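Source file: work_12.txt; contents: compact mmCIF, C-alpha atoms.
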```
# COMPACT_ATOMS: atom_id res chain seq x y z
CA MET D 1 18.74 2.54 -34.64
CA THR D 2 17.49 4.44 -31.61
CA THR D 3 17.36 8.17 -32.11
CA HIS D 4 17.16 10.89 -29.53
CA SER D 5 13.46 11.43 -30.16
CA ASP D 6 12.79 7.68 -29.81
CA VAL D 7 14.31 7.80 -26.36
CA GLU D 8 12.26 10.89 -25.46
CA GLN D 9 9.11 9.15 -26.63
CA ALA D 10 9.98 5.99 -24.70
CA ARG D 11 10.54 7.94 -21.47
CA LEU D 12 7.19 9.67 -21.91
CA THR D 13 5.34 6.42 -22.60
CA TYR D 14 7.10 4.73 -19.69
CA ALA D 15 6.12 7.48 -17.27
CA LEU D 16 2.52 7.35 -18.51
CA ARG D 17 2.35 3.58 -18.09
CA LEU D 18 3.62 3.85 -14.53
CA GLY D 19 1.01 6.52 -13.88
CA ASP D 20 -1.74 4.43 -15.50
CA ASN D 21 -0.87 1.37 -13.38
CA ALA D 22 -0.95 3.43 -10.22
CA LEU D 23 -4.15 5.31 -11.09
CA VAL D 24 -6.14 2.27 -12.18
CA LEU D 25 -5.18 0.14 -9.18
CA GLY D 26 -5.72 3.13 -6.88
CA GLN D 27 -9.19 3.64 -8.36
CA ARG D 28 -10.06 -0.03 -7.91
CA LEU D 29 -9.00 0.03 -4.26
CA ILE D 30 -10.86 3.26 -3.62
CA GLU D 31 -14.05 1.49 -4.71
CA LEU D 32 -13.66 -0.58 -1.53
CA VAL D 33 -13.62 2.42 0.77
CA ALA D 34 -16.44 2.09 3.31
CA HIS D 35 -16.94 -1.58 2.38
CA HIS D 36 -14.40 -3.30 4.62
CA PRO D 37 -15.65 -5.49 7.44
CA GLU D 38 -13.02 -4.17 9.86
CA LEU D 39 -12.30 -0.53 10.57
CA GLU D 40 -8.54 -1.12 10.75
CA GLU D 41 -8.37 -2.82 7.34
CA GLU D 42 -10.59 -0.07 5.98
CA LEU D 43 -7.97 2.48 6.96
CA ALA D 44 -5.12 0.36 5.64
CA ASN D 45 -6.87 0.03 2.28
CA ALA D 46 -7.64 3.74 2.08
CA ASN D 47 -4.00 4.55 2.86
CA ILE D 48 -2.77 2.15 0.19
CA SER D 49 -5.16 3.40 -2.47
CA LEU D 50 -4.24 7.01 -1.76
CA ASP D 51 -0.55 6.10 -2.00
CA PHE D 52 -1.24 4.83 -5.52
CA ILE D 53 -3.20 7.94 -6.48
CA GLY D 54 -0.32 10.05 -5.16
CA GLN D 55 2.16 8.10 -7.27
CA ALA D 56 -0.05 8.47 -10.33
CA ARG D 57 -0.06 12.25 -9.86
CA LEU D 58 3.73 12.33 -9.72
CA PHE D 59 4.18 10.11 -12.76
CA TYR D 60 1.62 12.12 -14.76
CA SER D 61 3.25 15.42 -13.84
CA CYS D 62 6.58 13.95 -14.90
CA ALA D 63 4.97 12.80 -18.19
CA GLY D 64 3.54 16.28 -18.73
CA GLU D 65 7.00 17.79 -18.42
CA LEU D 66 8.53 15.20 -20.74
CA GLU D 67 5.80 15.82 -23.30
CA GLY D 68 6.17 19.60 -23.06
CA ARG D 69 2.73 20.40 -24.44
CA GLY D 70 1.27 21.80 -21.27
CA ARG D 71 -0.82 18.77 -20.29
CA THR D 72 -1.25 18.38 -16.54
CA GLU D 73 -1.80 15.38 -14.29
CA ASP D 74 -5.55 16.04 -14.48
CA ASP D 75 -5.52 16.00 -18.29
CA PHE D 76 -3.89 12.57 -18.29
CA ALA D 77 -6.20 11.17 -15.62
CA PHE D 78 -9.53 12.67 -16.62
CA LEU D 79 -9.43 13.56 -20.31
CA ARG D 80 -8.10 10.45 -21.99
CA ASP D 81 -10.33 7.63 -23.26
CA ASP D 82 -9.87 4.07 -22.03
CA GLY D 83 -8.01 3.10 -25.20
CA GLU D 84 -5.32 5.63 -24.35
CA PHE D 85 -4.58 4.07 -20.97
CA GLN D 86 -1.70 1.61 -20.95
CA ASN D 87 -2.03 -0.08 -17.59
CA LEU D 88 -1.65 -3.81 -16.96
CA LEU D 89 -4.92 -5.72 -17.41
CA LEU D 90 -4.48 -7.34 -13.99
CA LEU D 91 -5.04 -3.98 -12.31
CA GLU D 92 -8.32 -3.11 -13.99
CA LEU D 93 -10.03 -6.37 -13.03
CA PRO D 94 -12.93 -6.01 -10.60
CA ASN D 95 -12.05 -6.41 -6.93
CA GLY D 96 -13.93 -9.70 -6.56
CA HIS D 97 -13.89 -11.00 -3.00
CA PHE D 98 -11.31 -10.00 -0.41
CA GLY D 99 -9.01 -12.89 -1.40
CA ASP D 100 -9.11 -11.84 -5.06
CA THR D 101 -8.15 -8.29 -4.11
CA ILE D 102 -5.27 -9.52 -1.94
CA VAL D 103 -3.94 -11.93 -4.56
CA ARG D 104 -4.07 -9.27 -7.30
CA GLN D 105 -2.16 -6.92 -5.04
CA VAL D 106 0.45 -9.51 -4.05
CA LEU D 107 1.11 -10.46 -7.68
CA PHE D 108 1.44 -6.84 -8.79
CA ASP D 109 3.30 -5.42 -5.78
CA SER D 110 5.85 -8.25 -5.98
CA PHE D 111 6.57 -7.02 -9.50
CA TYR D 112 6.22 -3.30 -8.80
CA VAL D 113 8.74 -3.37 -5.94
CA LEU D 114 11.34 -4.89 -8.26
CA GLN D 115 10.46 -2.48 -11.06
CA LEU D 116 10.82 0.53 -8.75
CA GLU D 117 14.08 -0.79 -7.29
CA ALA D 118 15.50 -0.94 -10.80
CA LEU D 119 14.08 2.48 -11.70
CA VAL D 120 15.85 4.15 -8.77
CA SER D 121 19.09 3.84 -10.72
CA CYS D 122 17.61 4.80 -14.09
CA THR D 123 19.20 7.84 -15.72
CA ASP D 124 15.89 9.66 -16.14
CA ALA D 125 16.12 11.81 -13.02
CA GLY D 126 12.38 12.53 -12.90
CA ILE D 127 11.33 8.88 -12.94
CA ALA D 128 14.18 7.81 -10.63
CA GLU D 129 13.19 10.38 -8.03
CA ILE D 130 9.54 9.28 -7.97
CA ALA D 131 10.62 5.63 -7.82
CA ALA D 132 12.81 6.32 -4.77
CA ARG D 133 9.85 7.84 -2.99
CA ALA D 134 7.25 5.30 -4.12
CA ILE D 135 9.32 2.28 -3.22
CA LYS D 136 9.00 2.96 0.51
CA GLU D 137 5.22 2.96 0.18
CA VAL D 138 5.08 -0.13 -2.00
CA ARG D 139 7.39 -2.16 0.27
CA TYR D 140 4.87 -1.60 3.03
CA HIS D 141 1.92 -2.48 0.75
CA LEU D 142 3.64 -5.73 -0.20
CA ARG D 143 4.32 -6.57 3.43
CA HIS D 144 0.69 -5.87 4.32
CA VAL D 145 -0.88 -7.96 1.56
CA SER D 146 1.70 -10.75 1.90
CA GLN D 147 0.69 -11.22 5.51
CA TRP D 148 -2.94 -11.39 4.45
CA LEU D 149 -2.13 -13.98 1.81
CA ILE D 150 -0.33 -16.12 4.40
CA ARG D 151 -3.27 -15.81 6.79
CA LEU D 152 -5.79 -16.73 4.13
CA GLY D 153 -3.74 -19.48 2.50
CA ASP D 154 -2.70 -21.02 5.81
CA GLY D 155 -6.07 -20.26 7.42
CA THR D 156 -9.30 -22.23 7.25
CA ASP D 157 -10.21 -24.78 4.57
CA GLU D 158 -12.55 -22.25 3.02
CA SER D 159 -10.06 -19.36 2.94
CA HIS D 160 -7.40 -21.68 1.52
CA ALA D 161 -9.73 -22.94 -1.21
CA ARG D 162 -10.87 -19.44 -2.13
CA VAL D 163 -7.43 -17.84 -2.45
CA SER D 164 -6.19 -20.91 -4.34
CA GLN D 165 -8.93 -20.21 -6.87
CA SER D 166 -8.07 -16.48 -6.93
CA LEU D 167 -4.50 -17.42 -7.74
CA LEU D 168 -5.60 -19.68 -10.60
CA ASP D 169 -7.98 -17.01 -11.94
CA LEU D 170 -5.40 -14.21 -11.91
CA TRP D 171 -2.27 -16.10 -12.89
CA ARG D 172 -2.93 -15.68 -16.63
CA TYR D 173 -2.59 -11.92 -16.21
CA THR D 174 0.91 -12.08 -14.73
CA GLY D 175 2.75 -12.69 -18.00
CA GLU D 176 1.94 -9.18 -19.21
CA MET D 177 4.17 -7.68 -16.51
CA PHE D 178 7.23 -9.24 -18.12
CA SER D 179 6.36 -9.02 -21.82
CA GLY D 180 8.37 -5.97 -22.70
CA ASP D 181 8.07 -4.04 -25.94
CA LEU D 182 10.22 -1.40 -27.67
CA VAL D 183 9.52 1.11 -24.91
CA ASP D 184 10.94 -1.21 -22.26
CA ASP D 185 13.92 -2.12 -24.43
CA CYS D 186 14.64 1.52 -25.10
CA LEU D 187 14.45 2.51 -21.44
CA ARG D 188 16.66 -0.42 -20.45
CA ASP D 189 19.29 0.27 -23.12
CA ALA D 190 19.31 4.06 -23.23
CA CYS D 191 18.42 4.95 -19.63
CA ASN D 192 19.64 2.00 -17.53
CA GLY D 193 16.00 1.01 -16.98
CA PRO D 194 14.66 -2.29 -15.61
CA ASP D 195 15.69 -5.58 -17.17
CA LEU D 196 12.38 -7.45 -17.33
CA ALA D 197 13.96 -10.87 -17.79
CA ARG D 198 15.89 -10.48 -14.56
CA ILE D 199 12.86 -9.05 -12.77
CA GLN D 200 10.79 -12.03 -13.89
CA GLU D 201 13.31 -14.43 -12.35
CA GLN D 202 13.37 -12.57 -9.05
CA TRP D 203 9.59 -12.24 -9.06
CA HIS D 204 9.24 -15.96 -9.60
CA ASP D 205 11.56 -16.74 -6.68
CA ASN D 206 9.92 -14.24 -4.33
CA VAL D 207 6.35 -15.24 -5.17
CA SER D 208 7.16 -18.92 -4.96
CA ALA D 209 8.67 -18.46 -1.47
CA LEU D 210 5.63 -16.49 -0.33
CA LEU D 211 3.16 -19.03 -1.71
CA LYS D 212 5.07 -21.78 0.03
CA GLU D 213 4.71 -19.97 3.34
CA ALA D 214 1.02 -19.49 2.59
CA THR D 215 0.75 -23.26 1.86
CA LEU D 216 -0.49 -22.46 -1.65
CA ASP D 217 0.53 -24.17 -4.88
CA MET D 218 2.20 -22.05 -7.51
CA PRO D 219 0.08 -22.27 -10.69
CA GLU D 220 1.66 -23.56 -13.88
CA ASP D 221 2.53 -20.90 -16.43
CA GLY D 222 0.02 -21.34 -19.25
CA TRP D 223 -1.48 -19.01 -21.81
CA MET D 224 -1.01 -15.42 -20.77
CA ILE D 225 -3.39 -12.62 -21.66
CA SER D 226 -2.05 -9.17 -22.48
CA GLY D 227 -3.04 -6.02 -24.31
CA GLY D 228 -3.38 -3.33 -21.66
CA ARG D 229 -0.04 -1.80 -22.53
CA GLN D 230 -1.23 -1.41 -26.11
CA GLY D 231 -4.52 0.12 -25.01
CA VAL D 232 -6.53 -3.06 -25.62
CA HIS D 233 -8.43 -3.55 -22.39
CA THR D 234 -10.87 -5.95 -20.75
CA GLU D 235 -14.58 -5.14 -20.80
CA HIS D 236 -14.25 -3.84 -17.24
CA MET D 237 -12.06 -0.89 -18.14
CA GLY D 238 -14.75 1.30 -19.72
CA PHE D 239 -16.83 1.25 -16.56
CA LEU D 240 -13.84 2.03 -14.38
CA ILE D 241 -12.91 5.02 -16.55
CA ALA D 242 -16.52 6.20 -16.73
CA GLN D 243 -16.76 6.31 -12.96
CA LEU D 244 -13.32 7.87 -12.61
CA GLN D 245 -13.98 10.60 -15.15
CA HIS D 246 -17.70 11.24 -14.73
CA GLU D 247 -17.29 14.51 -12.84
CA GLN D 248 -14.84 16.06 -15.31
CA ARG D 249 -16.86 14.89 -18.32
CA ALA D 250 -20.16 16.18 -16.90
CA CYS D 251 -18.76 19.51 -15.67
CA PRO D 252 -15.59 20.18 -17.67
CA GLY D 253 -13.01 22.10 -15.68
CA ALA D 254 -14.85 21.63 -12.40
CA SER D 255 -12.60 21.99 -9.39
CA TRP D 256 -12.96 22.11 -5.63
CA MET M 1 -17.58 -17.10 9.35
CA THR M 2 -17.55 -16.38 13.04
CA GLU M 3 -19.04 -13.21 14.43
CA LYS M 4 -16.46 -13.06 17.20
CA ASN M 5 -14.61 -9.77 17.54
CA TRP M 6 -10.90 -9.70 16.89
CA PRO M 7 -8.75 -9.31 20.02
CA LEU M 8 -8.14 -5.79 21.25
CA TYR M 9 -4.65 -4.28 21.41
CA GLU M 10 -3.45 -1.11 23.11
CA VAL M 11 -1.21 1.11 21.01
CA PHE M 12 1.72 3.15 22.29
CA ILE M 13 3.49 5.64 20.04
CA ARG M 14 6.85 7.32 20.47
CA SER M 15 6.47 10.63 18.66
CA LYS M 16 10.18 11.31 18.38
CA SER M 17 13.49 9.98 19.56
CA GLY M 18 14.19 10.70 23.21
CA LEU M 19 10.55 10.83 24.26
CA SER M 20 8.78 7.89 25.83
CA HIS M 21 6.00 5.89 24.23
CA ARG M 22 2.56 7.25 25.03
CA HIS M 23 -0.78 5.55 24.88
CA ALA M 24 -2.49 6.52 21.63
CA GLY M 25 -5.58 4.32 21.63
CA SER M 26 -6.57 0.80 20.77
CA ILE M 27 -7.17 -1.32 17.68
CA HIS M 28 -8.43 -4.79 16.80
CA ALA M 29 -6.22 -7.39 15.16
CA THR M 30 -6.03 -11.16 14.80
CA ASP M 31 -2.34 -11.41 15.63
CA ASP M 32 0.62 -9.37 16.83
CA GLN M 33 1.95 -8.55 13.37
CA MET M 34 -1.44 -7.35 12.16
CA ALA M 35 -1.76 -5.30 15.33
CA LEU M 36 1.46 -3.49 14.51
CA ASP M 37 0.33 -2.85 10.93
CA ASN M 38 -3.10 -1.67 11.99
CA ALA M 39 -1.58 0.61 14.60
CA ARG M 40 0.69 2.07 11.95
CA ASP M 41 -2.21 2.60 9.56
CA THR M 42 -4.53 4.02 12.19
CA TYR M 43 -2.30 6.16 14.37
CA THR M 44 0.73 7.25 12.33
CA ARG M 45 -0.93 8.40 9.11
CA ARG M 46 0.03 12.00 9.74
CA ASN M 47 3.63 11.44 10.69
CA GLU M 48 2.90 11.06 14.40
CA GLY M 49 5.49 8.49 15.27
CA VAL M 50 8.93 6.93 15.00
CA SER M 51 8.21 3.80 17.03
CA ILE M 52 5.15 1.76 17.93
CA TRP M 53 4.44 -0.71 20.73
CA VAL M 54 1.33 -2.83 20.74
CA VAL M 55 0.21 -5.03 23.59
CA ARG M 56 -2.85 -7.19 24.00
CA SER M 57 -5.31 -5.30 26.14
CA SER M 58 -5.99 -8.52 28.07
CA GLN M 59 -2.32 -8.61 29.10
CA ILE M 60 -2.50 -5.25 30.83
CA VAL M 61 -3.05 -5.42 34.58
CA ALA M 62 -5.02 -2.32 35.48
CA SER M 63 -6.09 -0.75 38.73
CA ASP M 64 -9.74 -1.08 39.59
CA PRO M 65 -11.72 2.19 39.46
CA ALA M 66 -13.86 0.89 42.33
CA GLU M 67 -10.79 0.86 44.51
CA PHE M 68 -9.90 4.43 43.69
CA ALA M 69 -10.34 5.62 47.25
CA ALA M 70 -8.10 2.99 48.79
CA PHE M 71 -5.57 3.21 46.02
CA PHE M 72 -5.07 6.90 45.47
CA GLU M 73 -6.75 9.06 48.06
CA PRO M 74 -4.30 8.40 50.92
CA ALA M 75 -1.58 10.08 48.82
CA LYS M 76 -3.56 13.27 48.48
CA ASP M 77 -2.82 14.71 51.93
CA LYS M 78 0.81 13.58 52.24
CA ILE M 79 2.26 16.82 51.07
CA TYR M 80 5.46 16.07 52.96
CA ARG M 81 6.26 13.50 50.28
CA HIS M 82 6.88 16.30 47.83
CA PRO M 83 10.44 17.51 47.99
CA THR M 84 9.41 21.08 48.67
CA PHE M 85 10.42 21.25 52.33
CA TYR M 86 14.15 21.08 51.78
CA ASP M 87 16.52 23.94 51.31
CA ILE M 88 18.68 23.27 48.31
CA PRO M 89 22.33 24.13 48.95
CA GLU M 90 23.52 26.89 46.67
CA ASP M 91 26.29 24.65 45.29
CA VAL M 92 23.66 22.42 43.68
CA GLY M 93 22.57 25.21 41.37
CA ASN M 94 19.42 24.90 39.32
CA MET M 95 17.58 21.65 39.62
```

Translate this file's structure into structure tokens.
Amino acid sequence: MTTHSDVEQARLTYALRLGDNALVLGQRLIELVAHHPELEEELANANISLDFIGQARLFYSCAGELEGRGRTEDDFAFLRDDGEFQNLLLLELPNGHFGDTIVRQVLFDSFYVLQLEALVSCTDAGIAEIAARAIKEVRYHLRHVSQWLIRLGDGTDESHARVSQSLLDLWRYTGEMFSGDLVDDCLRDACNGPDLARIQEQWHDNVSALLKEATLDMPEDGWMISGGRQGVHTEHMGFLIAQLQHEQRACPGASW
Amino acid sequence: MTEKNWPLYEVFIRSKSGLSHRHAGSIHATDDQMALDNARDTYTRRNEGVSIWVVRSSQIVASDPAEFAAFFEPAKDKIYRHPTFYDIPEDVGNM
């Protein structure tokens, strides 16, 4: 039986996970700042990464209010260890080459758009409000990276071969997006939250249509790796968190 | 990987409804759609616009600066082309 405090806990965990996804992907994309070959794509990437950081701030502030123990967005971002983060493993993977970065973003944004669309009508007003704002940003991100995927997939032999490989490499991380646990069940049942089974179906249709346009083959669903949402991360996560938190760990309370 | 530069596009932004599009600058892009995206990301980050036009710079027919004298100077001393020598009938009111 689901009690009131179970629901409260689920809402808190859900908000934190949304924040963790946004922060970790935002941090990964920020690593690319000043490394793009084209000035215009440089700006696009910086905009997108800052959108994610902005969303993380909102979700963390919302989590802080739900928790009610006075923790702020900064506490969640800078003073938790990697094992306390519950982001999807896909998002903490290194950027790889440009095609890897684009494929990761397409796979996640295709899911995130559907997740946010569902969250807009969730009964948790705090989360619903942030979702309504974030969805406009993420629809643009998805449009941007989808066009890149089509260009690369339907581009030269080399670009086609490289993004095909990116797709094969990253596909095993996509199952985690749809493997719900008690938190997802609770949010769906008690707060009209997203139905992951339905999202998975839509995601599959949308991604398959996009890959077709990009002349890429949809990989077969095989063994899927997961663990991020339980705090069990890849070996890359510790380095990401170390870089993210270095300033606050070295000079606690530093601000500017 | 070719070293060739991406084609140049000129960007025109309408800052709010009712105003006309104004030239904002230029960007590089490989195709029209990317040009629109890049223009959005480069020139409307701070809420500068409600509409964007992009056009390939090579498609713009421009006057030649070398012909400035022939093109523009003859208009300089034709002050009678300005409508300042007419008395406006009172019935017209403010123009």

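Using only C-alpha atoms, the smallest distance between any of D:Glu67, D:Glu40, D:Asp51, D:Glu247 and chain M comes from D:Glu40.
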
With all atoms listed in the file considered, list every residue of chain D at most 10 Å from chain M, as a list in words. Glu38, Leu39, Glu40, Glu41, Glu42, Leu43, Ala44, Asn45, Ala46, Asn47, Ile48, Tyr140, Arg143, His144, Gln147, Trp148, Arg151, Thr156 and Glu158 of chain D

Excluding M:Val54 and its own-chain neighbours fewer than 3 positions away, which residues fall within 7 Å of it when counting only C-alpha atoms? Please give them as a ChimeraX atom specification. /M:9-12,35-36

Might you pull out every residue within 9 Å of D:Tyr112, with only C-alpha atoms counted and same-chain residues fewer than 4 positions away left off, and present them as a PyMOL selection string? chain D and resi 107-108+116-117+135+138

Put those residues in a file: C-alpha atoms, as an mmCIF file, in the coordinates of the input.
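part.cif written:
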```
data_model
loop_
_atom_site.group_PDB
_atom_site.id
_atom_site.type_symbol
_atom_site.label_atom_id
_atom_site.label_comp_id
_atom_site.auth_asym_id
_atom_site.auth_seq_id
_atom_site.Cartn_x
_atom_site.Cartn_y
_atom_site.Cartn_z
ATOM 1 C CA LEU D 107 1.110 -10.460 -7.680
ATOM 2 C CA PHE D 108 1.440 -6.840 -8.790
ATOM 3 C CA LEU D 116 10.820 0.530 -8.750
ATOM 4 C CA GLU D 117 14.080 -0.790 -7.290
ATOM 5 C CA ILE D 135 9.320 2.280 -3.220
ATOM 6 C CA VAL D 138 5.080 -0.130 -2.000
#
```

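Residues with any atom within 9 Å of D:Glu92, counting all atoms listed in the file and excluding same-chain neighbours fewer than 3 positions away, are Asn21, Val24, Leu25, Gln27, Arg28, Asn87, Leu88, Leu89, Asn95, His233, Thr234, His236, Met237 and Leu240 of chain D.
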
For D:Phe52, find every residue with an atom within 7 Å (counting only C-alpha atoms), except residues of its own chain fewer than 5 positions away, and show them as a PDB file with C-alpha atoms, in the coordinates of the input.
```pdb
ATOM      1  CA  ALA D  22      -0.950   3.430 -10.220  1.00  0.00           C
ATOM      2  CA  LEU D  23      -4.150   5.310 -11.090  1.00  0.00           C
ATOM      3  CA  GLY D  26      -5.720   3.130  -6.880  1.00  0.00           C
TER       4      GLY D  26
END
```

Distance atom CA of D:Glu8-atom CA of D:Leu66, one decimal place?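 So the two atoms, atom CA of D:Glu8 and atom CA of D:Leu66, lie 7.4 Å apart.
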
Around (2.0, 13.1, -18.0), as given in the file, which residues come within 9 Å? Count all atoms listed in the file and list them as a PyMOL selection string. chain D and resi 12-13+15-16+19+57-67+71-77

Expressed in Å to a single decimal, how great is the separation between atom CA of M:Val61 and atom CA of M:Ile79? 28.2 Å
